[in-house]
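To start, the structure itself, in structure tokens.
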Amino acid sequence: MNLGMLRLFKGFLFLLLIQSAYGNVKDFEFNLIKKGQEDSNTMLIVGGIQGDEPGGFMAASLVATHYKITKGSVWVVPNLNFNSIIQRSRGPYGDMNRKFATLSKNDPDFNDVQRVKEYISHDNVKLILNLHDGSGFYRKTFIDNMRSPYRWGQSSIIDQETLDIPMYGNLEEIANRVCNHINEHLIDKDHIYAVRNTKTRDGDKEMEKSLTYFAINQGKAAFANEASKQFPVYKRAYYHILAIEEYMRVAGIEFERDFELSLNGIKQALYDDIHISFYDDKIKLPLSSIRSQLNFFPIKKDGTINFIPSNPLMTVLKNDKEYAVHYGNTRLVSLRPDYFDMDNDNEEIKINIDGITKVVNFGEMIIANKNIYVHDKEGFRVNVIGYTNKNKRNESDINIHKDEILKYFSVDNEGKIYRIEFYKQEKFAGMILVKFENNLSFATTAQEKKSATVNKL
């Protein structure tokens with residue numbers, strides 16, 4: 001068996017293992033997210049072609065989730081090689097960024113490569129940006145092992161100096177503009193960016209197989225941005241975002257973002273406001289500080305799980321014993337299932353929170369100081385996870401103090417968030433979360449607290 005056939009065989013073997021452990025491989029299909037008003041001057045941003053380069057795909061996900069395009073058109077593929085992202089691999093079936101020249105239909109990556117080629121070749125797409133994380137720091141002259149012409153980090157990559165096309169053919173000039181912009185906003189002067197021209201057409205056999213060179217041959221302006229792998233992910237994302245925004249300005253695209261462009265702003269946008277909802281919002285889990293495992297998690301009896309993530313880099317994968325929520329390279333939480341038939345009705349629940357009665361919907365989070373009291377609702381049984389009353393199976397109409405709930409059963413690592421579950425004739429009906437915070441001046445829901453904070457600002 002030659003080397004090519006051996007790699008292909010390993011790819012198919014891995015595919016079978018993935019299907020066995022986690023279900024259908026379709027779970028790994030990448031997203032295309034269109035933002036703004038579609039027109040003939042669209043910028044395509046690609047992240048995740050290599051799953052071991054999280055700075056690029058996390059930055060792309062920020063554009064997908066935290067940007068509003070007010071003028072122009074942006075398409076975002078934040079998770080091109082979603083399988084490799086989940087596996088923290090450069091590519092389970094080989095490097096996808098070396099599959100754009102020729103590729104067998106039997107290659108497991110074939111469909112994804114063909115699909116993204118269609119987007120690149122689309123008449124509306126005029127500028128393509130592929131996001132990578134590269135080793136060390138690219139320097140045009142050798143300084144040391146980490147700073148040399150052989151490194152890729154902190155560089156803007158072009159395949160050639162110019163391209164004879166109507167728009168954005170001055171590739172080197174544009175790349176220099178982007179580098180200059182980044183260099184005006186460095187965290188440290190040693191993080192300086194420079195243009196790296198691979199001169200692919202002059203005989204770089206590896207780069208001839210890349211996504212950007214395929215785009216060049218379709219008559220499209222194409223660039224790659226490399227942030228250094230020496231940085232933590234949020235710092236890589238910072239430099240990618242600086243590059244993305246300048247390329248958008250080059251294309252005349254106007255935008256708004258809902259976070260501050262700083263290291264802290266990037267960290268908060270990436271990790272603080274992430275969540276996932278299940279079964280038409282009957283359950284909504286905040287994920288920023290979630291425990292690594294939640295036991296007796298309500299799952300539909302037939303094992304199917306319907307979910308909506310707050311970020312396209314999230315997915316839920318099932319094996320024989322649990323459901324794992326992944327976010328990019330990170331496995332956030334394992335859900336140990338408790339199987340139920342599901343009640344389809346949406347209900348409103350009355351809860352007294354520190355002396356104030358509120359009407360709350362399934363999927364919401366309430367904020368309390370010390371006490372909760374779930375009013376009885378006919379036909380429903382209440383279970384406050386972590387609280388035990390030996391005299392009552394239905395935990396409604398009980399004043400429950402936060403100290404009576406065992407911290408071991410909290411949803412989060414800080415021991416503040418707890419599950420209130422509702423059952424209707426033994427069917428699971430929905431979940432409400434309660435977060436205990438000290439020194440609250442009034443009881444409220446999480447959404448009301450958030451709105452009050454915004455208004456105050």
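FYI, nothing fancy with the structure tokens labels: chains A, B, ... in order, residues from 1 per chain, ligands from 1 as they appear.
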Extract, using only C-alpha atoms, all DNA, RNA and protein residues at most 10 Å from A:Pro286, discarding same-chain residues fewer than 5 positions from it, and format them as a ChimeraX atom specification. /A:272-277,310,365,411-412,417,433
Write out as a Markdown table a residue-level contact list of stretch 15-106 of chain A versus stretch 205-219 of chain A with cut-off 8 Å: for each qualifying residue the closest pair of atoms and the distance in Å to one decimal, counting only C-alpha atoms, rows sorted by chain and residue number upward.
| residue | atom | partner | partner_atom | distance |
| --- | --- | --- | --- | --- |
| A:Asn97 | CA | A:Ser210 | CA | 4.9 |
| A:Arg98 | CA | A:Lys209 | CA | 4.6 |
| A:Lys99 | CA | A:Lys209 | CA | 5.7 |
| A:Phe100 | CA | A:Lys209 | CA | 5.0 |
| A:Ala101 | CA | A:Lys209 | CA | 4.7 |
| A:Thr102 | CA | A:Lys209 | CA | 7.7 |
Export, as a PDB file, in the first residue's frame, the selected residues with N, CA and C atoms.
ATOM      1  N   ASN A  97      -5.525  22.700   3.932  1.00  0.00           N
ATOM      2  CA  ASN A  97      -4.986  23.816   3.155  1.00  0.00           C
ATOM      3  C   ASN A  97      -3.986  23.366   2.103  1.00  0.00           C
ATOM      4  N   ARG A  98      -3.874  22.094   1.908  1.00  0.00           N
ATOM      5  CA  ARG A  98      -3.065  21.553   0.815  1.00  0.00           C
ATOM      6  C   ARG A  98      -3.928  20.701  -0.113  1.00  0.00           C
ATOM      7  N   LYS A  99      -5.232  21.014  -0.182  1.00  0.00           N
ATOM      8  CA  LYS A  99      -6.160  20.192  -0.961  1.00  0.00           C
ATOM      9  C   LYS A  99      -6.934  21.009  -1.999  1.00  0.00           C
ATOM     10  N   PHE A 100      -6.434  22.179  -2.362  1.00  0.00           N
ATOM     11  CA  PHE A 100      -7.198  23.049  -3.255  1.00  0.00           C
ATOM     12  C   PHE A 100      -6.715  23.016  -4.698  1.00  0.00           C
ATOM     13  N   ALA A 101      -5.696  22.221  -4.992  1.00  0.00           N
ATOM     14  CA  ALA A 101      -5.259  22.049  -6.382  1.00  0.00           C
ATOM     15  C   ALA A 101      -5.976  20.849  -6.984  1.00  0.00           C
ATOM     16  N   THR A 102      -5.705  19.674  -6.467  1.00  0.00           N
ATOM     17  CA  THR A 102      -6.403  18.456  -6.882  1.00  0.00           C
ATOM     18  C   THR A 102      -6.800  17.685  -5.627  1.00  0.00           C
TER      19      THR A 102
END
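Using only C-alpha atoms for every distance, the candidate list A:Gly47, A:Gly55, A:Gly91, A:Gly252 yields A:Gly252 as the residue closest to A:Ser73.
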Residue contacts of A:Ile420 (9 Å, only C-alpha atoms) excluding same-chain residues fewer than 3 positions away, as a list in words: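 Selected residues are Val382, Asn383, Val384, Ile385, Gly430, Met431, Ile432, Leu433 and Val434 of chain A.
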Put those residues in a file: C-alpha atoms, as a PDB file, in the first residue's frame.
ATOM      1  CA  VAL A 382     -41.031  21.081  41.054  1.00  0.00           C
ATOM      2  CA  ASN A 383     -37.544  19.721  41.724  1.00  0.00           C
ATOM      3  CA  VAL A 384     -34.863  22.131  42.973  1.00  0.00           C
ATOM      4  CA  ILE A 385     -31.663  20.249  42.191  1.00  0.00           C
ATOM      5  CA  GLY A 430     -38.781  22.898  31.424  1.00  0.00           C
ATOM      6  CA  MET A 431     -36.016  24.395  33.522  1.00  0.00           C
ATOM      7  CA  ILE A 432     -35.432  27.743  35.224  1.00  0.00           C
ATOM      8  CA  LEU A 433     -32.054  28.685  36.662  1.00  0.00           C
ATOM      9  CA  VAL A 434     -31.569  30.687  39.836  1.00  0.00           C
TER      10      VAL A 434
END
DSSP strand (DSSP E) selection over stretch 206-435 of chain A, as a short mmCIF file (atom, residue, chain, number, x, y, z; two decimals) with C-alpha atoms, in the first residue's frame:
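File produced: part_9.cif:
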data_model
loop_
_atom_site.label_atom_id
_atom_site.label_comp_id
_atom_site.auth_asym_id
_atom_site.auth_seq_id
_atom_site.Cartn_x
_atom_site.Cartn_y
_atom_site.Cartn_z
CA ALA A 221 -7.84 39.06 -4.29
CA ALA A 222 -6.78 36.70 -1.51
CA PHE A 223 -4.77 37.21 1.66
CA ALA A 224 -3.86 35.18 4.73
CA ASN A 225 -3.35 36.68 8.16
CA GLU A 226 -1.06 34.91 10.61
CA ALA A 227 -1.04 35.63 14.35
CA SER A 228 1.75 34.14 16.44
CA GLU A 254 -18.67 49.70 7.38
CA PHE A 255 -19.39 47.94 10.66
CA GLU A 256 -20.24 48.15 14.33
CA ARG A 257 -19.05 45.76 17.06
CA HIS A 275 -24.58 29.89 26.20
CA ILE A 276 -26.54 27.06 24.64
CA SER A 277 -30.28 26.34 24.69
CA PHE A 278 -32.08 23.02 24.31
CA ILE A 283 -33.36 24.81 28.96
CA LYS A 284 -30.70 27.49 28.60
CA LEU A 285 -27.21 26.93 30.02
CA PRO A 286 -24.69 29.72 30.58
CA GLN A 293 -19.96 17.65 34.32
CA LEU A 294 -23.70 17.92 34.97
CA ASN A 295 -25.47 14.79 36.13
CA PHE A 296 -29.10 13.75 35.53
CA PHE A 297 -29.48 16.25 32.71
CA PRO A 298 -32.93 16.01 31.05
CA ILE A 299 -32.69 14.49 27.57
CA LYS A 300 -35.49 13.39 25.30
CA PHE A 307 -29.89 22.71 20.58
CA ILE A 308 -29.16 26.28 19.53
CA PRO A 309 -25.65 27.54 20.35
CA MET A 314 -20.22 25.17 19.49
CA THR A 315 -21.69 21.74 19.01
CA VAL A 316 -22.99 18.85 21.09
CA LEU A 317 -21.57 15.40 20.44
CA LYS A 318 -23.00 12.17 21.80
CA TYR A 323 -23.44 14.41 25.58
CA ALA A 324 -20.41 16.71 25.38
CA VAL A 325 -20.72 20.43 24.67
CA HIS A 326 -17.71 21.66 22.68
CA TYR A 327 -16.63 25.23 22.01
CA THR A 330 -12.47 23.11 24.30
CA ARG A 331 -14.82 20.52 25.74
CA LEU A 332 -16.84 22.65 28.14
CA VAL A 333 -19.19 20.23 29.87
CA SER A 334 -20.32 16.63 29.80
CA LEU A 335 -24.06 16.10 30.26
CA ARG A 336 -24.91 12.79 31.90
CA PRO A 337 -28.44 12.12 30.65
CA ASP A 338 -31.67 11.42 32.48
CA TYR A 339 -34.14 10.38 29.79
CA PHE A 340 -37.72 11.70 29.72
CA GLU A 348 -45.33 30.72 32.88
CA ILE A 349 -44.27 30.09 36.47
CA LYS A 350 -44.74 32.33 39.49
CA ILE A 351 -41.68 32.54 41.72
CA ASN A 352 -41.28 34.67 44.82
CA ILE A 353 -37.73 35.95 44.87
CA ILE A 356 -41.11 39.79 45.34
CA THR A 357 -43.26 37.64 43.07
CA LYS A 358 -42.24 37.39 39.42
CA VAL A 359 -43.68 35.57 36.42
CA VAL A 360 -40.88 33.57 34.80
CA ASN A 361 -40.70 31.52 31.60
CA MET A 365 -32.43 32.74 34.78
CA ILE A 366 -33.61 34.58 37.88
CA ILE A 367 -31.32 36.50 40.20
CA ALA A 368 -31.87 36.15 43.95
CA ASN A 371 -34.57 32.95 49.13
CA ILE A 372 -36.83 31.52 46.45
CA TYR A 373 -40.39 30.23 46.68
CA VAL A 374 -41.89 28.50 43.63
CA PHE A 380 -46.71 20.32 37.81
CA ARG A 381 -44.02 18.93 40.07
CA VAL A 382 -41.03 21.08 41.05
CA ASN A 383 -37.54 19.72 41.72
CA VAL A 384 -34.86 22.13 42.97
CA ASN A 399 -39.43 28.89 51.09
CA ILE A 400 -35.93 27.68 50.15
CA HIS A 401 -32.83 29.48 51.45
CA ILE A 417 -26.34 28.91 39.79
CA TYR A 418 -28.84 26.10 40.39
CA ARG A 419 -31.47 24.21 38.40
CA ILE A 420 -35.20 24.37 39.10
CA GLU A 421 -36.82 21.62 37.04
CA PHE A 422 -40.50 21.20 36.24
CA TYR A 423 -42.36 18.01 35.39
CA LYS A 424 -45.89 17.54 34.08
CA LYS A 427 -42.84 14.42 31.42
CA PHE A 428 -40.06 16.97 31.56
CA ALA A 429 -41.63 20.41 31.07
CA GLY A 430 -38.78 22.90 31.42
CA MET A 431 -36.02 24.39 33.52
CA ILE A 432 -35.43 27.74 35.22
CA LEU A 433 -32.05 28.68 36.66
CA VAL A 434 -31.57 30.69 39.84
CA LYS A 435 -28.37 32.60 40.48
#
DSSP on the backbone: which residues in stretch 121-364 of chain A end up as alpha helix (DSSP H)? Give the answer as a PyMOL selection string. chain A and resi 121+171-183+211-217+233-250+263-271
Using only C-alpha atoms, which residue out of A:Tyr238, A:Tyr271, A:Tyr193, A:Phe362 lies closest to A:His181?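 Once distances to A:His181 are computed over only C-alpha atoms, the minimum belongs to A:Tyr193.
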Neighbouring residues of A:Ser155 were defined as those with any atom within 12 Å, considering only C-alpha atoms; residues of the same chain fewer than 4 positions away were excluded. Please report them as JSON, numbers by chain. {"A": [131, 132, 133, 134, 135, 136, 137, 138, 139, 140, 147, 148, 149, 150, 151, 175, 176, 178, 179, 180, 182, 183, 191, 192, 193, 194, 195, 196, 197, 198, 223, 224, 225, 226, 227, 228, 229, 236, 239, 240, 243]}
Just the residues within 6 Å of stretch 79-85 of chain A, please, counting only C-alpha atoms, with nothing from its chain fewer than 3 positions along; format it as a list in words.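 Result of the neighbour search: Phe28, Phe30, Gly47, Gly48, Ile49, Gly51, Arg88, Ser89, Gly91, Pro92, Gly328 and Asn329 of chain A.
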For atom CA of A:Asp190 and atom CA of A:Glu172, quote the distance in Å rounded to one decimal.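 That distance, rounded to one decimal, is 22.2 Å.
Atom CA of A:Ile128 is positioned 24.3 Å from atom CA of A:Ile86.
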Separation of atom CA of A:Gly169 from atom CA of A:Trp75 in Å: 19.9 Å
Between A:Glu414, A:Asp109, A:Asp52, A:Asp123, which has the minimum distance to A:Glu38 (counting only C-alpha atoms)?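 Counting only C-alpha atoms, the residue closest to A:Glu38 is A:Asp123.
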Taking 2 positions as the minimum chain separation for residues in the same chain, which residues sit within 7 Å of stretch 63-67 of chain A when counting only C-alpha atoms? Answer as a ChimeraX atom specification. /A:33,59-61,69,76,255-258,311
Surrounding residues of A:Phe259 excluding itself and chain neighbours under 5 positions, 10 Å, only C-alpha atoms, as a list in words: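 Answer for this query is Leu62, His66, Tyr67, Asn264, Gly265, Ile266, Lys267, Gln268 and Ala269 of chain A.
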